[in-house]
>>> print(open('structure-v2.cif').read())   # mmCIF, C-alpha atoms
data_target
loop_
_atom_site.label_atom_id
_atom_site.label_comp_id
_atom_site.auth_asym_id
_atom_site.auth_seq_id
_atom_site.Cartn_x
_atom_site.Cartn_y
_atom_site.Cartn_z
CA GLU M 35 92.66 43.57 21.64
CA HIS M 36 92.11 47.20 20.68
CA ARG M 37 88.68 47.14 22.34
CA LYS M 38 90.20 45.57 25.47
CA LYS M 39 92.81 48.33 25.72
CA MET M 40 90.13 50.97 25.31
CA THR M 41 88.03 49.37 28.03
CA ASN M 42 90.97 49.30 30.43
CA LYS M 43 91.76 52.90 29.61
CA ARG M 44 88.21 53.95 30.30
CA GLY M 45 88.21 51.89 33.47
CA ARG M 46 91.34 53.57 34.76
CA LYS M 47 89.89 56.94 33.93
CA ARG M 48 86.71 56.23 35.87
CA LYS M 49 88.70 55.01 38.86
CA GLY M 50 91.03 58.03 38.87
CA SER M 51 88.22 60.57 38.48
CA ARG M 52 85.95 59.23 41.19
CA GLY M 53 84.39 62.29 42.85
CA ALA M 54 84.55 62.87 46.60
CA ASN M 55 81.44 63.42 48.69
CA SER M 56 80.69 64.31 52.28
CA SER M 57 80.17 60.71 53.28
CA ASP M 58 83.69 59.50 52.46
CA VAL M 59 86.01 62.48 52.94
CA GLY M 60 87.22 64.55 55.87
CA SER M 61 86.01 68.04 56.68
CA HIS M 62 89.16 69.63 55.19
CA PHE M 63 88.42 68.31 51.70
CA VAL M 64 86.02 70.05 49.31
CA THR M 65 85.19 69.34 45.71
CA ASN M 66 85.50 72.03 43.06
CA GLY M 67 81.74 72.49 43.16
CA GLN M 68 81.73 72.88 46.93
CA ALA M 69 84.63 75.32 46.79
CA GLN M 70 82.77 77.46 44.25
CA LYS M 71 79.67 77.48 46.46
CA ARG M 72 81.76 78.52 49.45
CA ARG M 73 83.42 81.34 47.51
CA THR M 74 80.02 82.56 46.33
CA SER M 75 78.61 82.32 49.85
CA LYS M 76 81.58 84.22 51.28
CA LYS M 77 81.10 87.06 48.84
CA MET M 78 77.41 87.26 49.75
CA GLU M 79 78.29 87.48 53.46
CA LEU M 80 80.31 90.68 53.02
CA THR M 81 78.27 93.58 54.29
CA SER M 82 78.79 97.24 55.12
CA SER M 83 77.90 98.16 58.68
CA SER M 84 78.69 100.80 61.28
CA SER M 85 77.76 98.74 64.32
CA THR M 86 79.92 95.65 64.31
CA GLU M 87 82.64 94.87 66.82
CA GLY M 88 85.73 93.58 65.03
CA ALA M 89 84.93 95.67 61.98
CA ALA M 90 87.26 97.96 60.14
CA ALA M 91 86.57 100.67 57.64
CA THR M 92 87.39 100.53 53.99
CA PRO M 93 89.62 103.39 52.88
CA GLY M 94 87.65 106.60 52.49
CA SER M 95 84.50 105.10 53.96
CA SER M 96 82.54 106.07 57.05
CA GLY M 97 81.04 102.59 57.23
CA ARG M 98 82.73 99.33 58.06
CA MET M 99 83.40 96.16 56.14
CA THR M 100 83.03 92.86 57.92
CA VAL M 101 82.09 89.24 57.50
CA ILE M 102 78.89 88.38 59.33
CA ASN M 103 80.53 85.63 61.37
CA ASP M 104 82.96 88.19 62.79
CA GLU M 105 80.19 89.94 64.68
CA TRP M 106 80.64 88.61 68.21
CA GLN M 107 80.44 90.11 71.66
CA THR M 108 83.23 88.99 73.97
CA ALA M 109 81.25 87.70 76.95
CA LEU M 110 81.62 89.02 80.49
CA GLU M 111 83.22 85.81 81.75
CA SER M 112 86.09 86.22 79.28
CA TRP M 113 86.87 89.74 80.50
CA LYS M 114 86.54 88.65 84.12
CA GLN M 115 89.01 85.84 83.46
CA ILE M 116 91.86 88.24 82.68
CA ALA M 117 90.79 91.45 84.49
CA PRO M 118 93.12 90.90 87.49
CA LEU M 119 96.10 91.18 85.13
CA PHE M 120 94.93 94.66 84.07
CA LYS M 121 94.33 96.15 87.54
CA GLY M 122 96.86 98.90 86.88
CA TYR M 123 94.52 100.34 84.24
CA GLU M 124 91.39 100.66 86.39
CA ASN M 125 91.68 104.45 86.58
CA LYS M 126 93.33 104.97 83.20
CA ASP M 127 91.91 105.63 79.73
CA ILE M 128 91.09 102.42 77.86
CA TRP M 129 90.05 102.46 74.22
CA MET M 130 87.91 99.64 72.84
CA PRO M 131 87.78 100.60 69.14
CA PHE M 132 85.85 97.66 67.66
CA TYR M 133 82.14 98.08 68.29
CA TYR M 134 79.43 95.42 68.13
CA ASP M 135 76.55 96.08 70.51
CA GLY M 136 78.21 98.25 73.16
CA GLU M 137 78.05 95.59 75.85
CA CYS M 138 81.81 95.07 76.12
CA ALA M 139 82.32 98.54 77.60
CA LYS M 140 79.65 97.73 80.18
CA HIS M 141 81.48 94.52 81.00
CA LEU M 142 84.74 96.34 81.66
CA LYS M 143 83.05 99.04 83.74
CA SER M 144 81.35 96.38 85.85
CA LEU M 145 84.82 94.97 86.57
CA GLY M 146 86.10 98.29 87.89
CA PHE M 147 87.56 99.95 84.78
CA LYS M 148 86.18 103.46 85.03
CA LYS M 149 87.37 105.27 81.89
CA VAL M 150 86.42 103.12 78.90
CA HIS M 151 86.03 104.68 75.43
CA HIS M 152 83.81 102.55 73.21
CA LYS M 153 81.76 104.12 70.41
CA LYS M 154 80.62 103.44 66.86
CA GLN M 155 83.60 105.02 65.17
CA ASP M 156 85.81 104.18 62.26
CA PHE M 157 88.99 102.75 63.78
CA PHE M 158 91.39 103.99 61.12
CA ASN M 159 89.86 107.45 60.95
CA LYS M 160 89.89 107.80 64.74
CA LEU M 161 93.64 107.15 64.75
CA SER M 162 94.08 110.52 63.06
CA ASP M 163 92.59 112.22 66.15
CA VAL M 164 95.98 112.92 67.72
CA LYS M 165 94.65 114.43 70.96
CA PHE M 166 92.40 111.44 71.57
CA VAL M 167 95.12 108.86 70.90
CA GLU M 168 97.62 110.71 73.06
CA LYS M 169 95.41 110.47 76.14
CA ILE M 170 94.80 106.72 75.73
CA ASP M 171 96.74 104.45 78.10
CA LEU M 172 95.65 101.07 76.73
CA ILE M 173 93.93 99.74 73.60
CA TRP M 174 92.09 96.56 74.56
CA ASP M 175 89.60 94.68 72.40
CA ASN M 176 88.59 91.80 70.16
CA PRO M 177 89.54 92.96 66.62
CA PRO M 178 88.28 91.71 63.24
CA TYR M 179 89.37 88.39 61.77
CA THR M 180 87.98 89.23 58.32
CA GLY M 181 90.90 88.12 56.19
CA ALA M 182 94.64 88.33 56.71
CA SER M 183 95.00 91.71 55.00
CA LEU M 184 92.55 93.45 57.34
CA LYS M 185 94.10 91.85 60.42
CA GLU M 186 97.52 93.02 59.22
CA ARG M 187 96.26 96.58 58.72
CA VAL M 188 94.86 96.64 62.25
CA LEU M 189 98.05 95.29 63.84
CA ARG M 190 100.30 97.65 61.92
CA ALA M 191 98.13 100.59 62.96
CA LEU M 192 98.17 99.50 66.61
CA VAL M 193 101.94 99.15 66.68
CA LYS M 194 102.33 102.55 65.02
CA THR M 195 100.45 104.25 67.89
CA SER M 196 103.25 103.17 70.29
CA LYS M 197 100.49 102.57 72.85
CA PRO M 198 100.19 99.42 74.97
CA PHE M 199 97.56 97.11 73.56
CA SER M 200 95.96 93.73 74.13
CA MET M 201 94.09 92.09 71.26
CA LEU M 202 92.22 88.79 71.18
CA LEU M 203 93.55 86.92 68.14
CA PRO M 204 93.89 83.40 66.74
CA SER M 205 96.91 81.67 68.25
CA SER M 206 98.41 81.40 64.76
CA ILE M 207 99.48 85.04 65.11
CA LEU M 208 102.36 83.82 67.29
CA HIS M 209 103.77 81.89 64.32
CA SER M 210 103.45 84.74 61.85
CA LYS M 211 106.30 86.57 60.20
CA LEU M 212 104.20 89.72 60.49
CA LEU M 213 104.62 89.76 64.26
CA GLN M 214 108.39 89.49 63.89
CA ASP M 215 108.48 92.20 61.22
CA ILE M 216 106.42 94.92 62.89
CA THR M 217 107.00 94.53 66.64
CA ASP M 218 109.85 94.62 69.10
CA LEU M 219 109.63 91.01 70.23
CA ASP M 220 111.05 91.91 73.63
CA GLN M 221 107.81 93.84 74.19
CA VAL M 222 105.49 91.00 73.13
CA GLN M 223 103.68 89.03 75.82
CA CYS M 224 100.81 86.59 75.66
CA ILE M 225 97.84 85.57 77.79
CA ILE M 226 96.55 82.12 76.86
CA PRO M 227 93.03 81.27 78.04
CA ARG M 228 91.83 77.69 78.05
CA ARG M 229 88.77 78.95 76.21
CA VAL M 230 87.16 82.28 75.37
CA PHE M 231 83.42 82.81 75.63
CA VAL M 232 81.69 84.91 73.00
CA ARG M 233 78.08 85.49 72.11
CA LYS M 234 75.67 87.03 69.67
CA THR M 235 73.43 89.75 71.07
CA GLN M 236 70.80 88.27 73.43
CA GLN M 237 72.06 84.73 72.86
CA ASN M 238 73.91 82.28 75.08
CA SER M 239 77.69 82.33 75.27
CA VAL M 240 79.66 79.77 73.30
CA PRO M 241 83.29 78.72 73.94
CA PHE M 242 86.09 79.24 71.42
CA LYS M 243 89.54 77.67 71.65
CA TYR M 244 92.90 78.49 70.05
CA LEU M 245 92.65 82.20 70.82
CA VAL M 246 95.21 84.31 72.68
CA TRP M 247 95.41 87.81 74.09
CA LEU M 248 98.37 89.30 72.26
CA CYS M 249 99.84 91.97 74.55
CA TYR M 250 102.33 94.64 73.55
CA LYS M 251 104.26 97.05 75.77
CA MET M 252 102.18 96.06 78.79
CA ASN M 253 104.89 94.98 81.24
CA LEU M 254 102.94 92.03 82.57
CA PRO M 255 104.60 89.99 85.36
CA LYS M 256 105.35 87.16 82.91
CA ASP M 257 105.77 86.92 79.15
CA LEU M 258 103.51 83.86 78.96
CA ILE M 259 100.47 83.62 81.22
CA PHE M 260 97.94 80.78 81.24
CA VAL M 261 94.46 81.51 82.61
#
>>> encode(input="structure-v2.cif", output="structure tokens")
Amino acid sequence: EHRKKMTNKRGRKRKGSRGANSSDVGSHFVTNGQAQKRRTSKKMELTSSSSTEGAAATPGSSGRMTVINDEWQTALESWKQIAPLFKGYENKDIWMPFYYDGECAKHLKSLGFKKVHHKKQDFFNKLSDVKFVEKIDLIWDNPPYTGASLKERVLRALVKTSKPFSMLLPSSILHSKLLQDITDLDQVQCIIPRRVFVRKTQQNSVPFKYLVWLCYKMNLPKDLIFV
């Protein structure tokens, strides 16, 4: 009887500790081993660069810290999709602070926006250039998604400038407490594209969903615009 109890106990243990594998679990489940591999891989992806769009500087650094997968060019078709809503800025100073390969400024200029500022510069350091910031009429770009803390730093800095801005962000930003805490919600508007096309340099465009153009102090004709 003692041996029988021990067998049952071991049997229950085996049943309860059955490991998951990729063939019988969904994509949102990872084992401890897989999670460790992902954490290790994520750390290895971090790289310092001065030429990545959607990259932000670490404090006191002239370089930029980004995750490799953040390095995307917003394709011409995505700018063209929303350009008519920005017609009032065609002859005004537009700052695109997040640099990847320089093509995004060319895209905007090809759509009739004549005064686009887009260089390899540290975003946070450039904010201290008071004369430059004062002359800017609109900050418009695809910022970094490298972690919640970096995204929060960028948004807080943008709001602090008191300048109109439009940033391409995950739609989850609309549910965040951060947005409620740092903005005047009466000044928040949103452009919702069905999809946004992005690309790596010299590669074909790929569509992304669940992204929105978060607009602030822009006085668009509607607070919610679908394109």
>>> closest_residue(input="structure-v2.cif", among="M:Glu105, M:Asp175, M:Glu111, M:Asp135", to="M:Pro198", atoms="only C-alpha atoms")
M:Asp175
>>> closest_residue(input="structure-v2.cif", among="M:Ile173, M:Cys138, M:Met130, M:Leu192", to="M:Val232", atoms="all atoms listed in the file")
M:Cys138
>>> resolve_selection(input="structure-v2.cif", expression="the PyMOL selection byres ((chain M and resi 147) around 8)", output="list in words")
Tyr123, Glu124, Asn125, Lys126, Leu142, Lys143, Ser144, Leu145, Gly146, Lys148, Lys149 and Val150 of chain M
>>> resolve_selection(input="structure-v2.cif", expression="the PyMOL selection byres ((chain M and resi 152) around 8)", output="list in words")
Trp129, Met130, Pro131, Phe132, Tyr133, Gly136, Ala139, Val150, His151, Lys153 and Lys154 of chain M
>>> write_last_selection(input="structure-v2.cif", atoms="C-alpha atoms", output="PDB file, keeping the file's coordinate frame")
ATOM      1  CA  TRP M 129      90.050 102.460  74.220  1.00  0.00           C
ATOM      2  CA  MET M 130      87.910  99.640  72.840  1.00  0.00           C
ATOM      3  CA  PRO M 131      87.780 100.600  69.140  1.00  0.00           C
ATOM      4  CA  PHE M 132      85.850  97.660  67.660  1.00  0.00           C
ATOM      5  CA  TYR M 133      82.140  98.080  68.290  1.00  0.00           C
ATOM      6  CA  GLY M 136      78.210  98.250  73.160  1.00  0.00           C
ATOM      7  CA  ALA M 139      82.320  98.540  77.600  1.00  0.00           C
ATOM      8  CA  VAL M 150      86.420 103.120  78.900  1.00  0.00           C
ATOM      9  CA  HIS M 151      86.030 104.680  75.430  1.00  0.00           C
ATOM     10  CA  LYS M 153      81.760 104.120  70.410  1.00  0.00           C
ATOM     11  CA  LYS M 154      80.620 103.440  66.860  1.00  0.00           C
TER      12      LYS M 154
END
>>> resolve_selection(input="structure-v2.cif", expression="the PyMOL selection byres ((chain M and resi 191) around 12)", output="PDB file with C-alpha atoms, keeping the file's coordinate frame")
ATOM      1  CA  ALA M  90      87.260  97.960  60.140  1.00  0.00           C
ATOM      2  CA  PHE M 157      88.990 102.750  63.780  1.00  0.00           C
ATOM      3  CA  PHE M 158      91.390 103.990  61.120  1.00  0.00           C
ATOM      4  CA  ASN M 159      89.860 107.450  60.950  1.00  0.00           C
ATOM      5  CA  LYS M 160      89.890 107.800  64.740  1.00  0.00           C
ATOM      6  CA  LEU M 161      93.640 107.150  64.750  1.00  0.00           C
ATOM      7  CA  SER M 162      94.080 110.520  63.060  1.00  0.00           C
ATOM      8  CA  VAL M 167      95.120 108.860  70.900  1.00  0.00           C
ATOM      9  CA  ILE M 173      93.930  99.740  73.600  1.00  0.00           C
ATOM     10  CA  LEU M 184      92.550  93.450  57.340  1.00  0.00           C
ATOM     11  CA  LYS M 185      94.100  91.850  60.420  1.00  0.00           C
ATOM     12  CA  GLU M 186      97.520  93.020  59.220  1.00  0.00           C
ATOM     13  CA  ARG M 187      96.260  96.580  58.720  1.00  0.00           C
ATOM     14  CA  VAL M 188      94.860  96.640  62.250  1.00  0.00           C
ATOM     15  CA  LEU M 189      98.050  95.290  63.840  1.00  0.00           C
ATOM     16  CA  ARG M 190     100.300  97.650  61.920  1.00  0.00           C
ATOM     17  CA  LEU M 192      98.170  99.500  66.610  1.00  0.00           C
ATOM     18  CA  VAL M 193     101.940  99.150  66.680  1.00  0.00           C
ATOM     19  CA  LYS M 194     102.330 102.550  65.020  1.00  0.00           C
ATOM     20  CA  THR M 195     100.450 104.250  67.890  1.00  0.00           C
ATOM     21  CA  SER M 196     103.250 103.170  70.290  1.00  0.00           C
ATOM     22  CA  LYS M 197     100.490 102.570  72.850  1.00  0.00           C
ATOM     23  CA  PHE M 199      97.560  97.110  73.560  1.00  0.00           C
ATOM     24  CA  ILE M 216     106.420  94.920  62.890  1.00  0.00           C
ATOM     25  CA  THR M 217     107.000  94.530  66.640  1.00  0.00           C
TER      26      THR M 217
END
>>> atom_distance(input="structure-v2.cif", atom1="atom CA of M:Pro227", atom2="atom CA of M:Leu248")
11.2 Å
>>> decode(input="structure-v2.cif", residues="stretch 103-126 of chain M", atoms="N, CA, C and O atoms", output="compact mmCIF listing (two decimals), in the first residue's frame")
# COMPACT_ATOMS: atom_id res chain seq x y z
N ASN M 103 15.34 45.92 -33.91
CA ASN M 103 14.04 45.85 -34.58
C ASN M 103 13.32 47.18 -34.64
O ASN M 103 12.30 47.31 -35.30
N ASP M 104 13.81 48.19 -33.91
CA ASP M 104 13.20 49.51 -33.96
C ASP M 104 13.62 50.31 -35.18
O ASP M 104 13.10 51.37 -35.45
N GLU M 105 14.63 49.84 -35.88
CA GLU M 105 15.22 50.60 -36.96
C GLU M 105 14.41 50.40 -38.25
O GLU M 105 14.69 49.53 -39.06
N TRP M 106 13.40 51.24 -38.42
CA TRP M 106 12.53 51.16 -39.59
C TRP M 106 12.38 52.53 -40.23
O TRP M 106 12.32 53.53 -39.55
N GLN M 107 12.30 52.53 -41.55
CA GLN M 107 11.94 53.73 -42.28
C GLN M 107 10.44 53.71 -42.53
O GLN M 107 9.90 52.72 -43.02
N THR M 108 9.77 54.81 -42.18
CA THR M 108 8.35 54.91 -42.50
C THR M 108 8.23 55.16 -44.00
O THR M 108 8.75 56.16 -44.50
N ALA M 109 7.58 54.25 -44.71
CA ALA M 109 7.59 54.28 -46.18
C ALA M 109 6.78 55.47 -46.73
O ALA M 109 5.89 56.00 -46.07
N LEU M 110 7.10 55.83 -47.96
CA LEU M 110 6.47 56.98 -48.60
C LEU M 110 4.95 56.86 -48.60
O LEU M 110 4.24 57.86 -48.35
N GLU M 111 4.42 55.67 -48.85
CA GLU M 111 2.96 55.53 -48.93
C GLU M 111 2.26 55.87 -47.61
O GLU M 111 1.11 56.31 -47.60
N SER M 112 2.97 55.68 -46.50
CA SER M 112 2.38 56.00 -45.20
C SER M 112 2.31 57.51 -44.96
O SER M 112 1.36 58.00 -44.36
N TRP M 113 3.33 58.23 -45.44
CA TRP M 113 3.29 59.69 -45.34
C TRP M 113 2.24 60.26 -46.29
O TRP M 113 1.51 61.19 -45.95
N LYS M 114 2.20 59.70 -47.49
CA LYS M 114 1.24 60.17 -48.50
C LYS M 114 -0.20 59.98 -48.01
O LYS M 114 -1.08 60.78 -48.30
N GLN M 115 -0.42 58.93 -47.26
CA GLN M 115 -1.74 58.61 -46.73
C GLN M 115 -2.33 59.71 -45.86
O GLN M 115 -3.54 59.96 -45.86
N ILE M 116 -1.46 60.39 -45.10
CA ILE M 116 -1.96 61.39 -44.15
C ILE M 116 -1.56 62.82 -44.51
O ILE M 116 -1.99 63.77 -43.86
N ALA M 117 -0.73 62.99 -45.55
CA ALA M 117 -0.22 64.32 -45.92
C ALA M 117 -1.32 65.37 -46.11
O ALA M 117 -1.13 66.53 -45.71
N PRO M 118 -2.47 65.03 -46.72
CA PRO M 118 -3.51 66.06 -46.90
C PRO M 118 -3.98 66.70 -45.60
O PRO M 118 -4.41 67.85 -45.61
N LEU M 119 -3.88 65.98 -44.49
CA LEU M 119 -4.29 66.52 -43.21
C LEU M 119 -3.29 67.53 -42.65
O LEU M 119 -3.59 68.26 -41.70
N PHE M 120 -2.09 67.58 -43.24
CA PHE M 120 -1.02 68.44 -42.75
C PHE M 120 -0.71 69.57 -43.73
O PHE M 120 0.35 70.20 -43.64
N LYS M 121 -1.59 69.85 -44.66
CA LYS M 121 -1.36 70.85 -45.70
C LYS M 121 -0.96 72.20 -45.13
O LYS M 121 -0.18 72.94 -45.72
N GLY M 122 -1.50 72.55 -43.97
CA GLY M 122 -1.20 73.84 -43.38
C GLY M 122 0.25 74.01 -42.95
O GLY M 122 0.69 75.12 -42.61
N TYR M 123 1.02 72.92 -42.99
CA TYR M 123 2.42 72.98 -42.58
C TYR M 123 3.39 72.91 -43.76
O TYR M 123 4.60 72.79 -43.56
N GLU M 124 2.89 73.01 -44.98
CA GLU M 124 3.75 72.86 -46.16
C GLU M 124 4.87 73.88 -46.20
O GLU M 124 5.97 73.59 -46.68
N ASN M 125 4.62 75.09 -45.73
CA ASN M 125 5.63 76.15 -45.76
C ASN M 125 6.14 76.50 -44.37
O ASN M 125 6.73 77.57 -44.17
N LYS M 126 5.91 75.61 -43.42
CA LYS M 126 6.35 75.84 -42.05
C LYS M 126 7.48 74.88 -41.68
O LYS M 126 7.74 73.90 -42.38
